[in-house]
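Source file: upload-v4.cif (mmCIF, C-alpha atoms)
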data_run
#
loop_
_atom_site.label_atom_id
_atom_site.label_comp_id
_atom_site.auth_asym_id
_atom_site.auth_seq_id
_atom_site.Cartn_x
_atom_site.Cartn_y
_atom_site.Cartn_z
CA MET A 1233 -3.69 16.43 19.31
CA GLY A 1234 -4.82 13.01 18.12
CA ILE A 1235 -5.12 10.77 15.10
CA TYR A 1236 -8.60 10.19 13.73
CA ALA A 1237 -9.94 7.75 11.13
CA VAL A 1238 -12.00 9.35 8.35
CA LYS A 1239 -14.32 7.01 6.42
CA THR A 1240 -14.17 7.38 2.65
CA THR A 1241 -15.56 5.85 -0.50
CA ALA A 1242 -13.54 2.81 -1.59
CA SER A 1243 -10.61 3.66 -3.90
CA GLN A 1244 -10.89 7.38 -3.07
CA GLU A 1245 -8.62 7.40 -0.01
CA GLN A 1246 -5.74 9.30 -1.65
CA THR A 1247 -8.12 11.86 -3.16
CA VAL A 1248 -9.72 12.57 0.22
CA ALA A 1249 -6.32 12.82 1.94
CA ASP A 1250 -5.12 15.30 -0.69
CA MET A 1251 -8.28 17.40 -0.38
CA ILE A 1252 -8.01 17.51 3.41
CA MET A 1253 -4.42 18.74 3.20
CA THR A 1254 -5.09 21.34 0.46
CA ARG A 1255 -7.73 23.02 2.64
CA GLU A 1256 -4.88 24.47 4.74
CA GLU A 1257 -6.82 24.10 7.97
CA GLU A 1258 -4.57 25.18 10.87
CA SER A 1259 -5.80 22.45 13.21
CA VAL A 1260 -5.11 19.63 10.67
CA HIS A 1261 -1.45 18.60 10.66
CA ALA A 1262 -1.16 15.47 8.48
CA ALA A 1263 -3.18 12.96 6.45
CA LEU A 1264 -2.18 9.38 5.65
CA ALA A 1265 -3.84 7.05 3.12
CA PRO A 1266 -2.04 3.69 3.42
CA ASP A 1267 -2.46 1.26 0.51
CA SER A 1268 -3.22 -1.62 2.86
CA VAL A 1269 -6.26 0.10 4.44
CA THR A 1270 -9.39 0.40 2.31
CA SER A 1271 -11.99 3.16 2.84
CA TYR A 1272 -10.14 4.97 5.64
CA VAL A 1273 -7.74 7.90 5.88
CA MET A 1274 -5.78 8.62 9.06
CA VAL A 1275 -5.74 12.35 9.91
CA GLU A 1276 -3.73 14.04 12.65
CA ALA A 1277 -5.70 16.99 14.04
CA ASP A 1278 -6.05 19.04 17.21
CA ASP A 1279 -9.57 17.78 17.94
CA ILE A 1280 -12.46 15.93 16.32
CA ASN A 1281 -14.58 19.10 15.94
CA VAL A 1282 -12.52 20.31 12.98
CA PHE A 1283 -14.05 17.55 10.85
CA ASP A 1284 -17.55 19.00 11.28
CA ARG A 1285 -16.43 22.00 9.23
CA ILE A 1286 -14.35 20.41 6.51
CA LEU A 1287 -15.85 17.00 5.66
CA ASP A 1288 -19.11 18.44 4.34
CA GLU A 1289 -17.19 20.15 1.54
CA ILE A 1290 -14.98 17.17 0.62
CA PRO A 1291 -16.50 14.68 -1.82
CA HIS A 1292 -16.11 10.95 -1.06
CA SER A 1293 -15.70 11.56 2.70
CA ARG A 1294 -18.27 9.71 4.78
CA GLY A 1295 -17.59 10.92 8.31
CA VAL A 1296 -15.25 10.32 11.22
CA VAL A 1297 -14.98 7.20 13.35
CA GLN A 1298 -15.60 8.18 16.96
CA GLY A 1299 -12.56 8.05 19.23
CA GLU A 1300 -8.86 8.69 18.80
CA THR A 1301 -6.17 6.38 17.48
CA SER A 1302 -2.75 6.28 19.08
CA MET A 1303 0.50 6.75 17.20
CA SER A 1304 1.54 3.17 18.02
CA GLU A 1305 -1.45 1.87 16.02
CA VAL A 1306 -0.47 3.68 12.81
CA GLU A 1307 3.31 3.57 13.18
CA HIS A 1308 3.70 0.45 11.01
CA PHE A 1309 2.17 2.32 8.04
CA LEU A 1310 4.99 4.87 8.12
CA SER A 1311 7.86 2.53 7.25
CA PRO A 1312 7.84 0.92 3.79
CA THR A 1313 7.98 -2.86 3.53
CA PRO A 1314 10.20 -4.44 0.88
CA ASP A 1315 8.36 -5.76 -2.19
CA VAL A 1316 10.17 -9.10 -1.95
CA GLU A 1317 8.83 -9.76 1.55
CA GLY A 1318 6.77 -12.95 1.56
CA ILE A 1319 8.49 -14.39 -1.50
CA ALA A 1320 10.67 -17.48 -1.12
CA GLU A 1321 12.90 -19.43 -3.48
CA SER A 1322 11.07 -22.02 -5.63
CA ASP A 1323 7.77 -20.06 -5.39
CA ILE A 1324 5.65 -19.99 -8.54
CA VAL A 1325 5.03 -16.37 -9.61
CA GLU A 1326 3.40 -14.48 -12.44
CA LEU A 1327 5.11 -11.49 -14.01
CA ILE A 1328 2.68 -8.56 -13.95
CA ALA A 1329 4.81 -5.93 -15.74
CA GLY A 1330 7.59 -5.65 -18.26
CA PRO A 1331 8.24 -7.52 -21.51
CA PHE A 1332 7.33 -10.91 -20.00
CA LYS A 1333 3.98 -9.74 -18.58
CA GLY A 1334 1.58 -12.65 -18.03
CA GLU A 1335 4.32 -15.31 -18.02
CA LYS A 1336 4.63 -17.79 -15.17
CA ALA A 1337 8.02 -18.38 -13.62
CA GLN A 1338 9.80 -20.00 -10.68
CA VAL A 1339 11.85 -17.93 -8.22
CA GLN A 1340 15.54 -18.85 -8.29
CA ARG A 1341 17.16 -16.13 -6.20
CA ILE A 1342 16.06 -13.15 -4.05
CA ASP A 1343 18.13 -10.00 -3.54
CA GLU A 1344 16.46 -8.15 -0.65
CA GLY A 1345 19.01 -5.32 -0.70
CA LYS A 1346 18.13 -4.35 -4.26
CA ASP A 1347 14.49 -5.48 -3.96
CA GLN A 1348 14.95 -7.76 -6.98
CA VAL A 1349 14.03 -11.35 -7.79
CA THR A 1350 15.68 -13.66 -10.32
CA VAL A 1351 13.15 -15.99 -11.93
CA GLU A 1352 13.23 -18.72 -14.55
CA LEU A 1353 10.40 -18.67 -17.10
CA TYR A 1354 8.29 -21.83 -17.45
CA GLU A 1355 7.39 -21.53 -21.13
CA ALA A 1356 10.94 -20.83 -22.34
CA THR A 1357 12.55 -23.67 -24.31
CA VAL A 1358 15.94 -22.72 -22.89
CA PRO A 1359 15.91 -21.81 -19.17
CA ILE A 1360 17.03 -18.19 -19.01
CA PRO A 1361 17.26 -16.41 -15.66
CA VAL A 1362 15.47 -13.05 -15.71
CA THR A 1363 15.94 -10.46 -12.95
CA VAL A 1364 12.89 -8.29 -12.20
CA ARG A 1365 11.88 -5.84 -9.48
CA GLY A 1366 9.87 -7.21 -6.58
CA ASP A 1367 6.80 -5.13 -7.45
CA GLN A 1368 6.62 -6.68 -10.94
CA ILE A 1369 5.64 -10.16 -9.74
CA ARG A 1370 2.68 -11.75 -8.01
CA VAL A 1371 3.01 -14.99 -6.02
CA LEU A 1372 0.72 -17.73 -7.35
CA ASP A 1373 1.89 -20.74 -5.39
CA SER A 1374 4.22 -20.87 -2.41
CA ASP A 1375 5.81 -23.82 -0.63
CA GLU A 1376 5.38 -22.02 2.73
CA ARG A 1377 1.56 -21.87 2.46
#

What would the structure in this file look like if it were written as structure tokens?
Amino acid sequence: MGIYAVKTTASQEQTVADMIMTREEESVHAALAPDSVTSYVMVEADDINVFDRILDEIPHSRGVVQGETSMSEVEHFLSPTPDVEGIAESDIVELIAGPFKGEKAQVQRIDEGKDQVTVELYEATVPIPVTVRGDQIRVLDSDER
């Protein structure tokens, strides 16, 4: 049993992974479409020959990369990373969701346990600290870069 990389059309990774798993092929055990990998789906199967049968019937699949991948190479995709990772205090961020969407702000405090960031809006006449989730901001400028 090995892990194989299936090439896909860009932005169709999750669709291909779902279609592979709904086929209920006995020799296919799992499919993984990590957000950080574009145009590839990792599939755990008994052997590479199973893909000859199923990929012809799955739209957006482009074939299999020759060779196996080890579990150690895909292990880091299995554990989620916190959204506040890579954000530091005094970074300049843009809010990408919520009532302040599009506003620029400066990071004041980071709560990694709750995956939240407290920011201070630039355009506000009175500095008001606003606490938002880590996935609702995008770093524009960082002191560490």

Target residues per the PyMOL selection byres ((chain A and resi 1306) around 12), formatted as a PyMOL selection string: chain A and resi 1234-1237+1263-1266+1268-1269+1273-1276+1300-1305+1307-1311

So which residues touch Gln1348 of chain A within 12 Å, counting only C-alpha atoms, skipping near sequence neighbours fewer than 4 positions away, as an mmCIF file with C-alpha atoms, in the frame of the given file?
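This is the output file selection-v3.cif:
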data_model
loop_
_atom_site.group_PDB
_atom_site.id
_atom_site.type_symbol
_atom_site.label_atom_id
_atom_site.label_comp_id
_atom_site.auth_asym_id
_atom_site.auth_seq_id
_atom_site.Cartn_x
_atom_site.Cartn_y
_atom_site.Cartn_z
ATOM 1 C CA PRO A 1314 10.200 -4.440 0.880
ATOM 2 C CA ASP A 1315 8.360 -5.760 -2.190
ATOM 3 C CA VAL A 1316 10.170 -9.100 -1.950
ATOM 4 C CA GLU A 1317 8.830 -9.760 1.550
ATOM 5 C CA ILE A 1319 8.490 -14.390 -1.500
ATOM 6 C CA VAL A 1339 11.850 -17.930 -8.220
ATOM 7 C CA GLN A 1340 15.540 -18.850 -8.290
ATOM 8 C CA ARG A 1341 17.160 -16.130 -6.200
ATOM 9 C CA ILE A 1342 16.060 -13.150 -4.050
ATOM 10 C CA ASP A 1343 18.130 -10.000 -3.540
ATOM 11 C CA GLU A 1344 16.460 -8.150 -0.650
ATOM 12 C CA VAL A 1362 15.470 -13.050 -15.710
ATOM 13 C CA THR A 1363 15.940 -10.460 -12.950
ATOM 14 C CA VAL A 1364 12.890 -8.290 -12.200
ATOM 15 C CA ARG A 1365 11.880 -5.840 -9.480
ATOM 16 C CA GLY A 1366 9.870 -7.210 -6.580
ATOM 17 C CA ASP A 1367 6.800 -5.130 -7.450
ATOM 18 C CA GLN A 1368 6.620 -6.680 -10.940
ATOM 19 C CA ILE A 1369 5.640 -10.160 -9.740
#

Best match for closeness to Val1296 of chain A among A:Thr1240, A:Gln1338, A:Ser1259, A:Thr1270, counting only C-alpha atoms: A:Thr1240

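Distance-wise, atom CA of Pro1312 of chain A and atom CA of Asp1267 of chain A end up 10.8 Å apart.
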
Can you list what the PyMOL selection byres ((chain A and resi 1292) around 12) grabs from this structure, as a PDB file with C-alpha atoms, in the frame of the given file?
ATOM      1  CA  VAL A1238     -12.000   9.350   8.350  1.00  0.00           C
ATOM      2  CA  LYS A1239     -14.320   7.010   6.420  1.00  0.00           C
ATOM      3  CA  THR A1240     -14.170   7.380   2.650  1.00  0.00           C
ATOM      4  CA  THR A1241     -15.560   5.850  -0.500  1.00  0.00           C
ATOM      5  CA  ALA A1242     -13.540   2.810  -1.590  1.00  0.00           C
ATOM      6  CA  SER A1243     -10.610   3.660  -3.900  1.00  0.00           C
ATOM      7  CA  GLN A1244     -10.890   7.380  -3.070  1.00  0.00           C
ATOM      8  CA  GLU A1245      -8.620   7.400  -0.010  1.00  0.00           C
ATOM      9  CA  GLN A1246      -5.740   9.300  -1.650  1.00  0.00           C
ATOM     10  CA  THR A1247      -8.120  11.860  -3.160  1.00  0.00           C
ATOM     11  CA  VAL A1248      -9.720  12.570   0.220  1.00  0.00           C
ATOM     12  CA  ALA A1249      -6.320  12.820   1.940  1.00  0.00           C
ATOM     13  CA  ASP A1250      -5.120  15.300  -0.690  1.00  0.00           C
ATOM     14  CA  MET A1251      -8.280  17.400  -0.380  1.00  0.00           C
ATOM     15  CA  ILE A1252      -8.010  17.510   3.410  1.00  0.00           C
ATOM     16  CA  SER A1271     -11.990   3.160   2.840  1.00  0.00           C
ATOM     17  CA  TYR A1272     -10.140   4.970   5.640  1.00  0.00           C
ATOM     18  CA  VAL A1273      -7.740   7.900   5.880  1.00  0.00           C
ATOM     19  CA  LEU A1287     -15.850  17.000   5.660  1.00  0.00           C
ATOM     20  CA  ASP A1288     -19.110  18.440   4.340  1.00  0.00           C
ATOM     21  CA  GLU A1289     -17.190  20.150   1.540  1.00  0.00           C
ATOM     22  CA  ILE A1290     -14.980  17.170   0.620  1.00  0.00           C
ATOM     23  CA  PRO A1291     -16.500  14.680  -1.820  1.00  0.00           C
ATOM     24  CA  SER A1293     -15.700  11.560   2.700  1.00  0.00           C
ATOM     25  CA  ARG A1294     -18.270   9.710   4.780  1.00  0.00           C
ATOM     26  CA  GLY A1295     -17.590  10.920   8.310  1.00  0.00           C
TER      27      GLY A1295
END

Between atom CA of Lys1333 of chain A and atom CA of Leu1372 of chain A - distance in Å to one decimal: 14.2 Å

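Here atom CA of Ile1324 of chain A and atom CA of Asp1373 of chain A stand 5.0 Å from one another.
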
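Nearest residue to Gly1318 of chain A among A:Lys1336, A:His1261, A:Arg1285, A:Arg1370 is A:Arg1370, counting all atoms listed in the file.
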
Apply the PyMOL selection byres ((chain A and resi 1360) around 12) to the file shown and report the selected residues as a PDB file with C-alpha atoms, in the coordinates of the input.
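The resulting out_16.pdb:
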ATOM      1  CA  ALA A1337       8.020 -18.380 -13.620  1.00  0.00           C
ATOM      2  CA  GLN A1338       9.800 -20.000 -10.680  1.00  0.00           C
ATOM      3  CA  VAL A1339      11.850 -17.930  -8.220  1.00  0.00           C
ATOM      4  CA  GLN A1340      15.540 -18.850  -8.290  1.00  0.00           C
ATOM      5  CA  THR A1350      15.680 -13.660 -10.320  1.00  0.00           C
ATOM      6  CA  VAL A1351      13.150 -15.990 -11.930  1.00  0.00           C
ATOM      7  CA  GLU A1352      13.230 -18.720 -14.550  1.00  0.00           C
ATOM      8  CA  LEU A1353      10.400 -18.670 -17.100  1.00  0.00           C
ATOM      9  CA  TYR A1354       8.290 -21.830 -17.450  1.00  0.00           C
ATOM     10  CA  GLU A1355       7.390 -21.530 -21.130  1.00  0.00           C
ATOM     11  CA  ALA A1356      10.940 -20.830 -22.340  1.00  0.00           C
ATOM     12  CA  THR A1357      12.550 -23.670 -24.310  1.00  0.00           C
ATOM     13  CA  VAL A1358      15.940 -22.720 -22.890  1.00  0.00           C
ATOM     14  CA  PRO A1359      15.910 -21.810 -19.170  1.00  0.00           C
ATOM     15  CA  PRO A1361      17.260 -16.410 -15.660  1.00  0.00           C
ATOM     16  CA  VAL A1362      15.470 -13.050 -15.710  1.00  0.00           C
ATOM     17  CA  THR A1363      15.940 -10.460 -12.950  1.00  0.00           C
TER      18      THR A1363
END

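Ranking A:Asp1279, A:Glu1326, A:Glu1257, A:Asp1347 by their shortest atom-to-atom distance to Thr1313 of chain A, with only C-alpha atoms included, puts A:Asp1347 first.
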
Hey, can I get the axis-aligned box for segment 1324-1332 of chain A? All listed atoms, 4 Å padding on each side, centre and edge lengths in Å to one decimal, as JSON.
{"center_x": 5.5, "center_y": -12.8, "center_z": -15.0, "size_x": 13.6, "size_y": 22.3, "size_z": 21.0}
